[in-house]
>>> print(open('model.txt').read())   # compact mmCIF, C-alpha atoms and all ligand atoms
# COMPACT_ATOMS: atom_id res chain seq x y z
CA MET K 10 -19.99 7.25 0.60
CA SER K 11 -22.44 4.81 2.09
CA VAL K 12 -21.22 2.88 5.08
CA GLY K 13 -24.45 1.19 6.24
CA ASN K 14 -23.74 -1.66 8.66
CA HIS K 15 -20.05 -1.36 8.15
CA SER K 16 -18.62 -4.32 10.03
CA ALA K 17 -14.98 -3.35 9.45
CA THR K 18 -15.44 -0.12 11.32
CA ARG K 19 -17.34 -1.62 14.26
CA ARG K 20 -14.26 -3.36 15.60
CA GLY K 21 -13.27 -0.53 17.95
CA ALA K 22 -9.61 -0.80 18.95
CA ALA K 23 -9.52 -4.61 18.72
CA GLY K 24 -7.61 -4.97 15.45
CA LEU K 25 -4.78 -3.29 13.62
CA ARG K 26 -5.89 -0.77 11.02
CA LEU K 27 -2.80 0.01 9.01
CA VAL K 28 -2.17 2.00 5.84
CA LEU K 29 0.87 1.12 3.74
CA LEU K 30 2.27 4.15 1.97
CA GLY K 31 5.19 4.34 -0.42
CA ALA K 32 5.93 5.05 -4.06
CA PRO K 33 5.08 2.56 -6.83
CA ALA K 34 7.20 -0.62 -6.45
CA SER K 35 8.50 0.34 -3.01
CA GLY K 36 7.37 -3.09 -1.73
CA LYS K 37 3.87 -2.41 -0.35
CA GLY K 38 2.34 -5.49 -1.97
CA THR K 39 5.20 -7.78 -0.95
CA GLN K 40 5.22 -6.56 2.64
CA GLY K 41 1.45 -6.29 2.88
CA GLN K 42 1.16 -9.94 1.88
CA LYS K 43 3.65 -11.04 4.55
CA LEU K 44 2.02 -8.90 7.21
CA ALA K 45 -1.47 -10.10 6.33
CA GLN K 46 -0.34 -13.71 6.69
CA SER K 47 1.40 -13.16 10.01
CA LEU K 48 -1.41 -11.08 11.55
CA GLY K 49 -4.32 -12.99 10.04
CA ILE K 50 -5.98 -9.87 8.69
CA PRO K 51 -6.70 -9.05 5.03
CA LYS K 52 -4.54 -6.96 2.74
CA VAL K 53 -6.82 -4.69 0.78
CA SER K 54 -5.13 -3.48 -2.41
CA THR K 55 -7.02 -1.06 -4.64
CA GLY K 56 -4.56 -1.82 -7.46
CA ASP K 57 -5.39 -5.55 -7.23
CA MET K 58 -9.12 -4.80 -7.10
CA LEU K 59 -8.93 -2.52 -10.13
CA ARG K 60 -6.92 -5.09 -12.10
CA ALA K 61 -9.47 -7.78 -11.16
CA ALA K 62 -12.28 -5.49 -12.35
CA ARG K 63 -10.40 -4.89 -15.60
CA ASP K 64 -9.83 -8.62 -16.14
CA ALA K 65 -13.51 -9.31 -15.41
CA GLY K 66 -14.48 -6.71 -18.03
CA SER K 67 -16.78 -4.79 -15.65
CA GLU K 68 -17.76 -1.17 -16.33
CA LEU K 69 -15.38 -0.03 -13.59
CA GLY K 70 -12.62 -2.19 -15.06
CA LYS K 71 -13.11 -0.76 -18.54
CA LEU K 72 -12.95 2.77 -17.17
CA ALA K 73 -9.92 2.08 -14.99
CA ASP K 74 -7.96 0.23 -17.68
CA GLY K 75 -6.91 3.23 -19.77
CA ILE K 76 -6.25 5.37 -16.72
CA MET K 77 -3.97 2.77 -15.15
CA ALA K 78 -2.13 2.11 -18.41
CA ALA K 79 -1.43 5.84 -18.64
CA GLY K 80 0.07 5.87 -15.14
CA LYS K 81 -2.67 8.17 -13.81
CA LEU K 82 -4.96 7.83 -10.81
CA VAL K 83 -8.49 6.46 -11.03
CA PRO K 84 -11.13 9.00 -9.83
CA ASP K 85 -11.46 9.25 -6.05
CA ASP K 86 -15.18 8.44 -5.83
CA LEU K 87 -14.70 5.12 -7.62
CA VAL K 88 -11.87 3.83 -5.42
CA ILE K 89 -13.53 5.13 -2.24
CA ARG K 90 -16.63 3.09 -3.08
CA LEU K 91 -14.48 0.03 -3.78
CA VAL K 92 -12.77 0.29 -0.39
CA ASP K 93 -16.03 1.01 1.40
CA ASP K 94 -17.54 -2.18 0.00
CA ARG K 95 -14.41 -4.25 0.65
CA LEU K 96 -14.06 -3.20 4.28
CA ALA K 97 -17.68 -4.13 4.88
CA GLN K 98 -16.79 -7.80 4.34
CA ALA K 99 -16.57 -10.08 7.36
CA ASP K 100 -12.85 -10.85 7.10
CA ALA K 101 -11.99 -7.19 7.71
CA THR K 102 -13.59 -7.12 11.14
CA ARG K 103 -10.33 -7.96 12.94
CA GLY K 104 -8.37 -5.23 11.19
CA PHE K 105 -6.91 -4.63 7.75
CA ILE K 106 -3.87 -3.54 5.82
CA LEU K 107 -4.61 -0.99 3.12
CA ASP K 108 -2.16 -1.17 0.21
CA GLY K 109 -2.32 1.67 -2.33
CA PHE K 110 -5.23 3.44 -0.61
CA PRO K 111 -5.53 6.26 0.26
CA ARG K 112 -3.57 7.90 -2.50
CA THR K 113 -4.95 11.43 -2.40
CA LEU K 114 -6.02 13.78 0.36
CA PRO K 115 -9.74 13.40 -0.50
CA GLN K 116 -9.32 9.61 -0.22
CA ALA K 117 -7.57 9.97 3.15
CA ARG K 118 -10.35 12.22 4.47
CA ALA K 119 -13.02 9.85 3.17
CA LEU K 120 -11.34 6.94 4.97
CA ASP K 121 -11.16 8.92 8.20
CA GLU K 122 -14.85 9.82 7.92
CA LEU K 123 -15.77 6.24 7.23
CA LEU K 124 -13.93 5.05 10.33
CA GLU K 125 -15.00 7.96 12.54
CA ARG K 126 -18.66 7.32 11.91
CA HIS K 127 -18.13 4.04 13.70
CA GLY K 128 -15.91 5.28 16.49
CA ALA K 129 -12.69 3.91 15.00
CA SER K 130 -9.53 5.35 13.47
CA LEU K 131 -6.35 4.30 11.77
CA ASN K 132 -3.57 3.03 14.03
CA VAL K 133 -0.53 3.29 11.79
CA ALA K 134 0.42 4.89 8.46
CA LEU K 135 3.62 3.13 7.49
CA CYS K 136 5.66 4.51 4.61
CA ILE K 137 8.27 2.33 2.85
CA ASP K 138 11.07 4.59 1.55
CA LEU K 139 13.20 3.73 -1.47
CA PRO K 140 15.33 5.85 -3.84
CA ARG K 141 13.90 6.46 -7.29
CA GLU K 142 16.51 4.43 -9.20
CA LEU K 143 15.66 1.33 -7.16
CA LEU K 144 11.92 1.95 -7.58
CA MET K 145 12.45 1.93 -11.34
CA GLU K 146 14.41 -1.34 -11.27
CA ARG K 147 11.92 -3.01 -8.95
CA ALA K 148 8.95 -2.05 -11.14
CA THR K 149 10.36 -2.90 -14.55
CA LEU K 150 11.61 -6.36 -13.47
CA ARG K 151 8.50 -7.27 -11.45
CA ARG K 152 6.48 -10.30 -12.55
CA THR K 153 3.33 -11.73 -10.94
CA ASP K 154 2.03 -15.30 -10.98
CA VAL K 155 -1.53 -15.02 -12.32
CA ARG K 156 -2.65 -18.17 -10.55
CA THR K 157 -1.41 -17.38 -7.03
CA GLY K 158 -1.01 -13.60 -7.07
CA GLN K 159 2.54 -14.11 -5.79
CA ILE K 160 4.83 -11.18 -6.63
CA TYR K 161 8.31 -12.01 -8.00
CA HIS K 162 11.31 -10.03 -9.22
CA LEU K 163 13.49 -11.33 -12.05
CA LYS K 164 16.65 -10.25 -10.24
CA TYR K 165 15.89 -10.23 -6.51
CA ASN K 166 13.17 -12.85 -6.13
CA PRO K 167 13.20 -15.10 -9.22
CA PRO K 168 10.00 -17.06 -9.90
CA PRO K 169 9.95 -20.88 -10.06
CA ASP K 170 9.69 -22.50 -13.50
CA SER K 171 6.09 -23.47 -12.76
CA ALA K 172 4.94 -19.86 -12.30
CA GLN K 173 2.55 -18.41 -14.87
CA LEU K 174 3.94 -14.92 -15.14
CA VAL K 175 2.44 -11.64 -16.24
CA HIS K 176 4.24 -8.35 -16.77
CA ARG K 177 2.00 -5.45 -15.78
CA ASP K 178 1.30 -2.98 -18.61
CA ASP K 179 2.02 -0.08 -16.29
CA ASP K 180 5.47 -1.46 -15.40
CA LYS K 181 6.99 -0.23 -18.65
CA GLU K 182 9.71 2.32 -17.96
CA GLU K 183 7.89 5.36 -19.35
CA THR K 184 4.69 4.57 -17.44
CA VAL K 185 6.58 3.89 -14.22
CA ARG K 186 8.08 7.37 -14.52
CA LYS K 187 4.59 8.86 -14.80
CA ARG K 188 3.41 6.85 -11.79
CA LEU K 189 6.35 8.07 -9.74
CA ASP K 190 5.54 11.66 -10.71
CA ALA K 191 1.88 11.09 -9.78
CA TYR K 192 3.03 9.77 -6.41
CA ASP K 193 5.13 12.86 -5.70
CA THR K 194 2.30 15.19 -6.70
CA MET K 195 -0.82 13.44 -5.41
CA THR K 196 0.24 10.96 -2.72
CA ALA K 197 3.28 12.45 -0.97
CA PRO K 198 1.00 15.14 0.58
CA LEU K 199 -0.47 12.33 2.68
CA LEU K 200 2.77 12.13 4.66
CA PRO K 201 2.32 15.48 6.45
CA TYR K 202 -1.39 14.65 6.79
CA TYR K 203 -0.62 11.50 8.79
CA GLN K 204 2.31 13.11 10.53
CA ALA K 205 -0.08 15.72 11.91
CA LYS K 206 -2.16 12.87 13.31
CA ASN K 207 0.96 11.36 14.91
CA ILE K 208 0.52 7.98 13.25
CA LEU K 209 3.19 8.22 10.52
CA CYS K 210 6.22 5.94 10.59
CA HIS K 211 8.91 5.51 7.94
CA VAL K 212 10.63 2.22 7.19
CA ASP K 213 13.76 1.87 5.07
CA GLY K 214 12.84 -0.23 2.01
CA ILE K 215 16.44 -1.05 1.03
CA GLY K 216 17.50 -4.62 1.71
CA SER K 217 16.01 -8.06 1.19
CA PRO K 218 12.24 -8.57 1.65
CA ASP K 219 12.96 -10.38 4.93
CA GLU K 220 15.10 -7.50 6.21
CA VAL K 221 12.40 -4.97 5.37
CA SER K 222 9.81 -7.26 6.89
CA ALA K 223 11.76 -7.44 10.16
CA ARG K 224 11.76 -3.62 10.35
CA ILE K 225 8.02 -3.53 9.74
CA ASP K 226 7.46 -6.20 12.39
CA ARG K 227 9.28 -4.03 14.92
CA VAL K 228 6.95 -1.13 14.12
CA VAL K 229 3.88 -3.32 14.39
CA GLN K 230 5.08 -4.79 17.70
CA GLN K 231 5.30 -1.26 19.08
CA PHE K 232 1.64 -0.85 18.25
CA ASN K 233 0.89 -3.99 20.26
CA GLY K 234 -2.78 -3.21 20.78
CA ALA K 235 -1.99 0.21 22.25
CA GLY K 236 -4.44 1.99 19.93
CA ASN K 237 -3.32 5.42 18.86
CA SER K 238 -0.65 5.66 21.54
CA PHE K 239 1.52 3.94 18.91
CA ALA K 240 2.87 7.23 17.64
CA ALA K 241 3.83 8.44 21.08
CA SER K 242 6.03 5.39 21.65
CA ASN K 243 7.51 5.56 18.19
CA GLY K 244 8.35 9.23 18.12
CA PRO K 245 7.27 11.81 15.57
CA ALA K 246 7.95 11.28 11.90
CA THR K 247 8.72 13.83 9.25
CA SER K 248 7.44 13.95 5.71
CA GLY K 249 9.25 13.34 2.47
CA ASN K 250 8.76 12.33 -1.14
CA ALA K 251 9.27 9.02 -2.91
CA SER K 252 12.80 8.71 -1.57
CA GLY K 253 12.19 10.41 1.76
CA LYS K 254 14.28 9.48 4.80
CA ASP K 255 14.11 10.96 8.25
CA ALA K 256 14.99 10.52 11.87
CA SER K 257 12.14 8.08 12.47
CA THR K 258 13.28 5.70 9.73
CA GLU K 259 13.36 2.17 11.11
CA GLY K 260 16.29 -0.15 10.33
CA GLY K 261 19.55 0.25 8.43
CA ALA K 262 20.47 0.19 4.77
CA ASP K 263 22.03 -2.66 2.91
CA GLY K 264 22.11 -3.55 -0.79
CA ALA K 265 18.76 -4.12 -2.46
P1 LIG V 301 -1.01 -0.33 -7.47
O1 LIG V 301 -1.17 -1.70 -7.88
O2 LIG V 301 -1.41 0.09 -6.09
O3 LIG V 301 0.49 0.09 -7.76
P2 LIG V 301 1.57 0.93 -6.93
O4 LIG V 301 1.17 1.68 -5.74
O5 LIG V 301 2.14 1.70 -8.02
O6 LIG V 301 2.40 -0.14 -6.28
P3 LIG V 301 2.98 -1.34 -6.97
O7 LIG V 301 1.99 -2.47 -7.01
O8 LIG V 301 3.57 -0.93 -8.29
O9 LIG V 301 4.25 -1.69 -6.05
P4 LIG V 301 4.38 -2.18 -4.57
O10 LIG V 301 4.78 -1.05 -3.70
O11 LIG V 301 3.20 -3.00 -4.17
O12 LIG V 301 5.68 -3.11 -4.75
P5 LIG V 301 5.82 -4.70 -4.87
O13 LIG V 301 5.68 -5.31 -3.52
O14 LIG V 301 4.97 -5.23 -5.97
O15 LIG V 301 -1.78 0.67 -8.45
C1 LIG V 301 -1.72 0.52 -9.85
C2 LIG V 301 -2.60 1.59 -10.51
O16 LIG V 301 -3.97 1.43 -10.08
C3 LIG V 301 -2.27 3.03 -10.15
O17 LIG V 301 -1.22 3.56 -10.96
C4 LIG V 301 -3.61 3.73 -10.38
O18 LIG V 301 -3.83 3.94 -11.74
C5 LIG V 301 -4.60 2.70 -9.88
N1 LIG V 301 -4.91 2.87 -8.44
C6 LIG V 301 -4.63 1.98 -7.45
N2 LIG V 301 -5.05 2.45 -6.27
C7 LIG V 301 -5.58 3.68 -6.50
C8 LIG V 301 -6.15 4.67 -5.67
N3 LIG V 301 -6.25 4.50 -4.35
N4 LIG V 301 -6.58 5.82 -6.25
C9 LIG V 301 -6.48 6.01 -7.57
N5 LIG V 301 -5.96 5.11 -8.42
C10 LIG V 301 -5.51 3.95 -7.90
O19 LIG V 301 7.37 -4.80 -5.26
C11 LIG V 301 7.82 -4.36 -6.52
C12 LIG V 301 8.89 -5.35 -7.06
O20 LIG V 301 10.02 -5.31 -6.20
C13 LIG V 301 8.44 -6.80 -7.12
O21 LIG V 301 9.03 -7.40 -8.23
C14 LIG V 301 9.01 -7.42 -5.83
O22 LIG V 301 9.28 -8.81 -5.96
C15 LIG V 301 10.29 -6.61 -5.64
N6 LIG V 301 10.65 -6.40 -4.25
C16 LIG V 301 9.82 -6.09 -3.22
N7 LIG V 301 10.51 -5.93 -2.09
C17 LIG V 301 11.82 -6.13 -2.41
C18 LIG V 301 13.04 -6.08 -1.68
N8 LIG V 301 13.04 -5.77 -0.36
N9 LIG V 301 14.20 -6.33 -2.34
C19 LIG V 301 14.20 -6.62 -3.65
N10 LIG V 301 13.09 -6.69 -4.39
C20 LIG V 301 11.90 -6.43 -3.78
>>> encode(input="model.txt", output="structure tokens", more="lines below")
Ligand code: AP5
Amino acid sequence: MSVGNHSATRRGAAGLRLVLLGAPASGKGTQGQKLAQSLGIPKVSTGDMLRAARDAGSELGKLADGIMAAGKLVPDDLVIRLVDDRLAQADATRGFILDGFPRTLPQARALDELLERHGASLNVALCIDLPRELLMERATLRRTDVRTGQIYHLKYNPPPDSAQLVHRDDDKEETVRKRLDAYDTMTAPLLPYYQAKNILCHVDGIGSPDEVSARIDRVVQQFNGAGNSFAASNGPATSGNASGKDASTEGGADGA
């Protein structure tokens, strides 16, 4: 991975460098968008970047298209390069929220190396937990406005009449199942990885977007520019799978 003059990693401890973890449709995009707006730092979503590449008809997009439609993961080297290039952009100098990356241990190690080379590290790995049956419902009824990128849900967050909606190919029930399986196999191992670094925190994803957002805000406030001492103030977190819950889970449960 080439980092060159990587501006995103030259920020030292000035900004928040946060990874959003969680199974497909757990709410990473929705919460990442809110957090990015409130903190004034970019949300970097590898899923969004791959879909943009597909829609643009680039070589990467053509390659990724079939893989995504099958509910599988795009090869590590391709997404690592995407993130490397994206974090080099000026708007990432004050921090960033990574949504959907890293998704495998090699990706997590590559991200660490990228940051370490510039004397920086991740501050928080925040995992949104949700039971599998709710993940399925959230994915299959998701719709996105192509013009604004706004994420809606036909039941929980209905779109306005003016929205120009798309239904993601990989949100069909059978494909969602494969994506959930891929998460348990390939991505859940990141939880003990970040737990060992003392930066893992779980947030309960059940409840309205605003309720989940308030829980995430509390976690972020604990960070409060304290660098990697975040984990010490938040207590250790334990690992789990797509529906994992543990003692460090932030907030209570209420109907989705
Ligand atoms: P990606 O786009 O990253 O998909 P994902 O991780 O599967 O996550 P989703 O976008 O499905 O869900 P989300 O957690 O963002 O939930 P959302 O906020 O939308 O990746 C797609 C594909 O690209 C992958 O399968 C893979 O092929 C490839 N890829 C991407 N990154 C890769 C990587 N690093 N390596 C390899 N391959 C990669 O919410 C879901 C729905 O629920 C919405 O309708 C929303 O309105 C609703 N909702 C959200 N919160 C609530 C709430 N609190 N209450 C009620 N409804 C809610």
>>> residues_around(input="model.txt", residues="K:Phe110", least_positions_apart="6", cutoff="10 Å", atoms="only C-alpha atoms", output="PyMOL selection string")
chain K and resi 28-30+53-56+88-89+92+116-117+120+196
>>> closest_residue(input="model.txt", among="K:Arg95, K:His162, K:Lys52, K:Arg112", to="K:Leu150", atoms="all atoms listed in the file")
K:His162
>>> atom_distance(input="model.txt", atom1="atom CA of K:Lys81", atom2="atom CA of K:Ala32")
13.4 Å
>>> closest_residue(input="model.txt", among="K:Leu48, K:Ile215, K:Leu124, K:Leu139", to="ligand LIG 301 (chain V)", atoms="all atoms listed in the file")
K:Ile215
>>> closest_residue(input="model.txt", among="K:Leu25, K:Leu96, K:Met77, K:Leu189", to="ligand LIG 301 (chain V)", atoms="only C-alpha atoms and all ligand atoms")
K:Met77
>>> closest_residue(input="model.txt", among="K:Leu174, K:Leu87, K:Met195, K:Leu131", to="K:Phe232", atoms="all atoms listed in the file")
K:Leu131
>>> residues_around(input="model.txt", residues="K:Ile160", least_positions_apart="2", cutoff="12 Å", atoms="only C-alpha atoms", output="count of residues only")
35
>>> residues_near_point(input="model.txt", point="(-10.0, 4.3, 9.5)", cutoff="12 Å", atoms="all atoms listed in the file", output="MDAnalysis selection string")
chainID K and resid 15 17:22 24:28 92:93 96 101 104:107 110:111 116:134 203 208 237
>>> atom_distance(input="model.txt", atom1="atom CA of K:Asp219", atom2="atom N8 of ligand LIG 301 (chain V)")
7.0 Å
>>> atom_distance(input="model.txt", atom1="atom N10 of ligand LIG 301 (chain V)", atom2="atom CA of K:Tyr202")
28.1 Å
>>> decode(input="model.txt", residues="stretch 88-123 of chain K", atoms="N, CA and C atoms", output="compact mmCIF listing (two decimals), in the first residue's frame")
# COMPACT_ATOMS: atom_id res chain seq x y z
N VAL K 88 -9.81 -2.87 -1.90
CA VAL K 88 -10.45 -1.92 -0.98
C VAL K 88 -9.41 -1.16 -0.16
N ILE K 89 -8.29 -1.79 0.14
CA ILE K 89 -7.23 -1.11 0.89
C ILE K 89 -6.72 0.09 0.07
N ARG K 90 -6.54 -0.13 -1.22
CA ARG K 90 -6.07 0.96 -2.09
C ARG K 90 -7.11 2.09 -2.15
N LEU K 91 -8.38 1.69 -2.22
CA LEU K 91 -9.45 2.70 -2.25
C LEU K 91 -9.40 3.59 -1.01
N VAL K 92 -9.27 2.95 0.15
CA VAL K 92 -9.27 3.69 1.42
C VAL K 92 -8.01 4.54 1.53
N ASP K 93 -6.89 3.98 1.13
CA ASP K 93 -5.63 4.71 1.15
C ASP K 93 -5.77 6.02 0.37
N ASP K 94 -6.31 5.92 -0.84
CA ASP K 94 -6.48 7.11 -1.67
C ASP K 94 -7.48 8.08 -1.06
N ARG K 95 -8.56 7.54 -0.51
CA ARG K 95 -9.61 8.42 0.04
C ARG K 95 -9.12 9.19 1.26
N LEU K 96 -8.37 8.51 2.12
CA LEU K 96 -7.90 9.18 3.34
C LEU K 96 -6.81 10.19 3.05
N ALA K 97 -6.26 10.13 1.85
CA ALA K 97 -5.23 11.12 1.48
C ALA K 97 -5.86 12.45 1.09
N GLN K 98 -7.18 12.50 0.96
CA GLN K 98 -7.83 13.75 0.56
C GLN K 98 -7.92 14.73 1.73
N ALA K 99 -7.93 16.00 1.38
CA ALA K 99 -7.80 17.07 2.39
C ALA K 99 -8.87 17.01 3.48
N ASP K 100 -10.09 16.64 3.11
CA ASP K 100 -11.17 16.71 4.10
C ASP K 100 -11.02 15.68 5.22
N ALA K 101 -10.12 14.72 5.04
CA ALA K 101 -9.93 13.69 6.07
C ALA K 101 -8.86 14.09 7.09
N THR K 102 -8.32 15.28 6.94
CA THR K 102 -7.21 15.66 7.83
C THR K 102 -7.65 15.90 9.28
N ARG K 103 -8.93 16.19 9.47
CA ARG K 103 -9.41 16.45 10.85
C ARG K 103 -10.01 15.21 11.50
N GLY K 104 -9.88 14.08 10.85
CA GLY K 104 -10.44 12.84 11.37
C GLY K 104 -11.36 12.22 10.35
N PHE K 105 -11.86 11.02 10.65
CA PHE K 105 -12.73 10.34 9.70
C PHE K 105 -13.52 9.25 10.42
N ILE K 106 -14.62 8.88 9.77
CA ILE K 106 -15.43 7.77 10.24
C ILE K 106 -15.40 6.72 9.13
N LEU K 107 -14.85 5.57 9.43
CA LEU K 107 -14.81 4.50 8.43
C LEU K 107 -16.04 3.61 8.59
N ASP K 108 -16.79 3.46 7.52
CA ASP K 108 -18.03 2.68 7.52
C ASP K 108 -17.86 1.50 6.56
N GLY K 109 -17.79 0.29 7.12
CA GLY K 109 -17.66 -0.89 6.26
C GLY K 109 -16.22 -1.26 5.94
N PHE K 110 -15.28 -0.58 6.55
CA PHE K 110 -13.85 -0.87 6.42
C PHE K 110 -13.19 -0.59 7.76
N PRO K 111 -12.36 -1.48 8.27
CA PRO K 111 -11.97 -2.77 7.70
C PRO K 111 -13.04 -3.83 7.91
N ARG K 112 -12.92 -4.87 7.11
CA ARG K 112 -13.90 -5.94 7.13
C ARG K 112 -13.24 -7.30 7.26
N THR K 113 -11.93 -7.31 7.21
CA THR K 113 -11.17 -8.55 7.39
C THR K 113 -9.94 -8.20 8.23
N LEU K 114 -9.31 -9.23 8.79
CA LEU K 114 -8.10 -8.97 9.57
C LEU K 114 -6.99 -8.34 8.72
N PRO K 115 -6.74 -8.83 7.49
CA PRO K 115 -5.71 -8.17 6.68
C PRO K 115 -6.02 -6.68 6.44
N GLN K 116 -7.30 -6.35 6.27
CA GLN K 116 -7.65 -4.93 6.09
C GLN K 116 -7.37 -4.14 7.38
N ALA K 117 -7.69 -4.74 8.51
CA ALA K 117 -7.46 -4.04 9.80
C ALA K 117 -5.96 -3.81 10.01
N ARG K 118 -5.16 -4.81 9.68
CA ARG K 118 -3.71 -4.66 9.86
C ARG K 118 -3.17 -3.61 8.89
N ALA K 119 -3.68 -3.62 7.67
CA ALA K 119 -3.22 -2.64 6.68
C ALA K 119 -3.56 -1.21 7.14
N LEU K 120 -4.74 -1.04 7.72
CA LEU K 120 -5.13 0.28 8.22
C LEU K 120 -4.20 0.72 9.36
N ASP K 121 -3.93 -0.21 10.27
CA ASP K 121 -3.02 0.11 11.37
C ASP K 121 -1.65 0.54 10.84
N GLU K 122 -1.15 -0.22 9.86
CA GLU K 122 0.18 0.09 9.30
C GLU K 122 0.17 1.47 8.65
N LEU K 123 -0.89 1.72 7.92
CA LEU K 123 -1.02 3.02 7.25
C LEU K 123 -0.97 4.16 8.27
